[in-house]
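Undergrad: Have a look at this one.
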Amino acid sequence: MDSVDDSASARAEFDRLVGPLRAELHVHCYRFLGSVHDADDALQEALLRAWRSRENLTDTHKFRPWLYKIATNRCLTMLERRGRRELPMDIAADSPAAERVWLEPYPGVGVGEPGPEARYTARESVELAFVAMVQQLPGVQRGALLLRDVLGFTASETAELLDVTVAAANSALQRARARIEQSVPSQAPDDPRARLLAQRYAAAWEDADVDGIVALLAADARYAMPPLPEWYAGHAAIKDFLVTGPLHWRWRFLPTVANGRLAFGTYWWDAERSLFAAMALDVLTLRDGAITEVVSFLDPTLFPRFALPDTVAD
């Protein structure tokens, strides 16, 4: 009976330590893997391994970096088993269609307080453009960038978490920084100007006002719809696509937040059922008072993670 009680007590203490870290660990796995579903699997496996090896941790003050090391190793292992996740506009021309794996959106704005070494805020580090660029890095470079520039671990801590020397960790970080572009942060979802612009965009869709939609786009705006590989750039191409495609239907938009950006669950009119049915999750990038990018994830199964209903009444 005592052993059962001891096990229950150990589990309760383990869960107490894990609880405050679970959300930030999940975001870390998402940044690493570009997929919410893969992040679920990676975190679950990492916590299971941590529980089984808990006796190896002698100092609970090091619990957080210890967990990050286990989660990072799990992500590195998963990277070896699948292709790089991408967005349609990032696909190489010679990339085989059968090997394409799509980046997934993440609910909310990111969590965690970056350390003093961090270069990115929690919100900036989950933006689609940033996560997409991270996916182009090799595993150790990816780990060095995320651990150092996103989470703010020191050089020595980063080396320890990656099981490499400090020199190797610094070298990987420098190569990662050289390859990744410094993305310009988009307007925050709580910015009143951004919210007004997004509301006007949704209203134009619901009114089937193609000129109103295009007027809100930057001249070099891009529009993509994973898992469809094609994408459109510029006013003329996007307008032609809208007129010949989606604006044949009626639409309703419900607001949400994804990857630190304003987003919408979009619903098309289903005449047979006389209601609006879930179609896509549209993630917007807004800069300088204009919409510079729309990524429309054509996957209604994403909606529950964003607290969006399956249908909307007329």
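Letters for chains follow the order of the structure tokens (A, B, ...), residue numbers begin at 1 for each chain, and ligand numbers begin at 1 in the order shown.
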Once you count only C-alpha atoms, what closest atom pair and distance in Å to one decimal does each residue of segment 152-196 of chain A within 8 Å of segment 129-139 of chain A have, with rows by chain and rising residue number, as a tab-separated table?

TA:
```
residue	atom	partner	partner_atom	distance
A:Ala176	CA	A:Leu137	CA	6.7
A:Arg179	CA	A:Leu137	CA	7.8
A:Ile180	CA	A:Met133	CA	6.1
A:Glu181	CA	A:Met133	CA	7.6
A:Ser183	CA	A:Phe130	CA	6.7
```

Undergrad: Limited to N, CA, C and O atoms, could you put the picked residues into a file as a CSV table (one decimal), in the first residue's frame?

TA:
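Output contents, as saved in out22.csv:
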```csv
chain,number,residue,atom,x,y,z
A,176,ALA,N,22.1,29.5,-38.6
A,176,ALA,CA,20.6,29.6,-38.6
A,176,ALA,C,20.2,31.1,-38.8
A,176,ALA,O,19.3,31.4,-39.6
A,179,ARG,N,20.6,32.2,-42.4
A,179,ARG,CA,19.7,31.6,-43.4
A,179,ARG,C,18.3,32.2,-43.2
A,179,ARG,O,17.5,32.2,-44.2
A,180,ILE,N,17.9,32.5,-42.0
A,180,ILE,CA,16.5,32.9,-41.7
A,180,ILE,C,16.4,34.4,-41.9
A,180,ILE,O,17.3,35.2,-41.4
A,181,GLU,N,15.4,34.9,-42.6
A,181,GLU,CA,15.2,36.3,-42.8
A,181,GLU,C,14.6,36.9,-41.5
A,181,GLU,O,13.9,36.3,-40.8
A,183,SER,N,12.0,38.6,-40.2
A,183,SER,CA,10.6,39.0,-40.6
A,183,SER,C,10.2,40.2,-39.9
A,183,SER,O,10.5,40.4,-38.7
```

Undergrad: As a VMD selection string, please: every residue in segment 128-232 of chain A that a backbone DSSP assignment puts in strand (DSSP E).

TA: chain A and resid 217 to 224 231 to 232

Undergrad: With distances taken over only C-alpha atoms, which residue among A:Gln199, A:Leu67, A:Ala169, A:Thr60 lies nearest Glu13 of chain A?

TA: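 Checking each of A:Gln199, A:Leu67, A:Ala169, A:Thr60 against Glu13 of chain A, counting only C-alpha atoms, the winner is A:Thr60.
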
Undergrad: Nearest to Tyr232 of chain A among A:Val294, A:Ser171, A:Ala118, A:Arg177, with distances taken over only C-alpha atoms: which residue is it?

TA: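 The answer is A:Val294, which sits nearest to Tyr232 of chain A.
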
Undergrad: So which residues of segment 98-297 of chain A fall under alpha helix (DSSP H) by DSSP, listed as JSON, numbers by chain?

TA: {"A": [128, 129, 130, 131, 132, 133, 134, 139, 140, 141, 142, 143, 144, 145, 155, 156, 157, 158, 159, 160, 161, 162, 166, 167, 168, 169, 170, 171, 172, 173, 174, 175, 176, 177, 178, 179, 192, 193, 194, 195, 196, 197, 198, 199, 200, 201, 202, 203, 204, 205, 206, 210, 211, 212, 213, 214, 215, 235, 236, 237, 238, 239, 240, 241, 242, 243, 244]}

Undergrad: Residues of segment 104-131 of chain A that have any atom at most 12 Å from an atom of segment 257-261 of chain A: could you tabulate them with the shortest-distance atom pair and the distance in Å to one decimal, using only C-alpha atoms, ordered by chain and increasing number, as a tab-separated table?

TA:
```
residue	atom	partner	partner_atom	distance
A:Glu104	CA	A:Asn259	CA	9.7
A:Pro105	CA	A:Ala258	CA	6.3
A:Tyr106	CA	A:Asn259	CA	5.1
A:Pro107	CA	A:Ala258	CA	4.6
A:Gly108	CA	A:Ala258	CA	5.0
A:Val109	CA	A:Gly260	CA	3.7
A:Gly110	CA	A:Gly260	CA	6.7
A:Val111	CA	A:Gly260	CA	10.1
A:Thr121	CA	A:Gly260	CA	10.4
A:Ala122	CA	A:Gly260	CA	8.5
A:Arg123	CA	A:Gly260	CA	5.1
A:Glu124	CA	A:Gly260	CA	7.0
A:Ser125	CA	A:Asn259	CA	8.5
A:Val126	CA	A:Asn259	CA	5.0
A:Glu127	CA	A:Asn259	CA	4.8
A:Leu128	CA	A:Asn259	CA	6.2
A:Ala129	CA	A:Asn259	CA	9.5
A:Phe130	CA	A:Asn259	CA	9.8
A:Val131	CA	A:Asn259	CA	9.1
```

Undergrad: Go ahead and save the residues from that selection, with C-alpha atoms, as a PDB file, in the first residue's frame.

TA:
```
ATOM      1  CA  GLU A 104      -0.543  24.044 -39.744  1.00  0.00           C
ATOM      2  CA  PRO A 105      -1.953  27.111 -37.927  1.00  0.00           C
ATOM      3  CA  TYR A 106      -1.644  27.496 -34.158  1.00  0.00           C
ATOM      4  CA  PRO A 107      -4.419  28.841 -31.894  1.00  0.00           C
ATOM      5  CA  GLY A 108      -3.737  32.075 -30.038  1.00  0.00           C
ATOM      6  CA  VAL A 109      -0.674  34.280 -29.754  1.00  0.00           C
ATOM      7  CA  GLY A 110       1.997  32.096 -28.158  1.00  0.00           C
ATOM      8  CA  VAL A 111       2.915  31.748 -24.491  1.00  0.00           C
ATOM      9  CA  THR A 121       8.593  38.033 -28.509  1.00  0.00           C
ATOM     10  CA  ALA A 122       6.207  35.145 -27.860  1.00  0.00           C
ATOM     11  CA  ARG A 123       3.795  36.473 -30.505  1.00  0.00           C
ATOM     12  CA  GLU A 124       6.448  37.080 -33.164  1.00  0.00           C
ATOM     13  CA  SER A 125       7.830  33.577 -32.686  1.00  0.00           C
ATOM     14  CA  VAL A 126       4.569  31.873 -33.703  1.00  0.00           C
ATOM     15  CA  GLU A 127       3.810  34.007 -36.763  1.00  0.00           C
ATOM     16  CA  LEU A 128       3.362  31.872 -39.849  1.00  0.00           C
ATOM     17  CA  ALA A 129       6.221  33.481 -41.755  1.00  0.00           C
ATOM     18  CA  PHE A 130       8.640  32.872 -38.887  1.00  0.00           C
ATOM     19  CA  VAL A 131       7.563  29.260 -38.298  1.00  0.00           C
TER      20      VAL A 131
END
```

Undergrad: What's the separation between atom CA of Pro300 of chain A and atom CA of Leu103 of chain A, in Å to one decimal place?

TA: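 Result for atom CA of Pro300 of chain A versus atom CA of Leu103 of chain A: 15.1 Å, one decimal.
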
Undergrad: Would you pick out the contacts of Val210 of chain A at 7 Å or less, using only C-alpha atoms, so that residues sharing its chain but fewer than 3 positions from it are not included, and give the list as a PyMOL selection string?

TA: chain A and resi 213-214+239
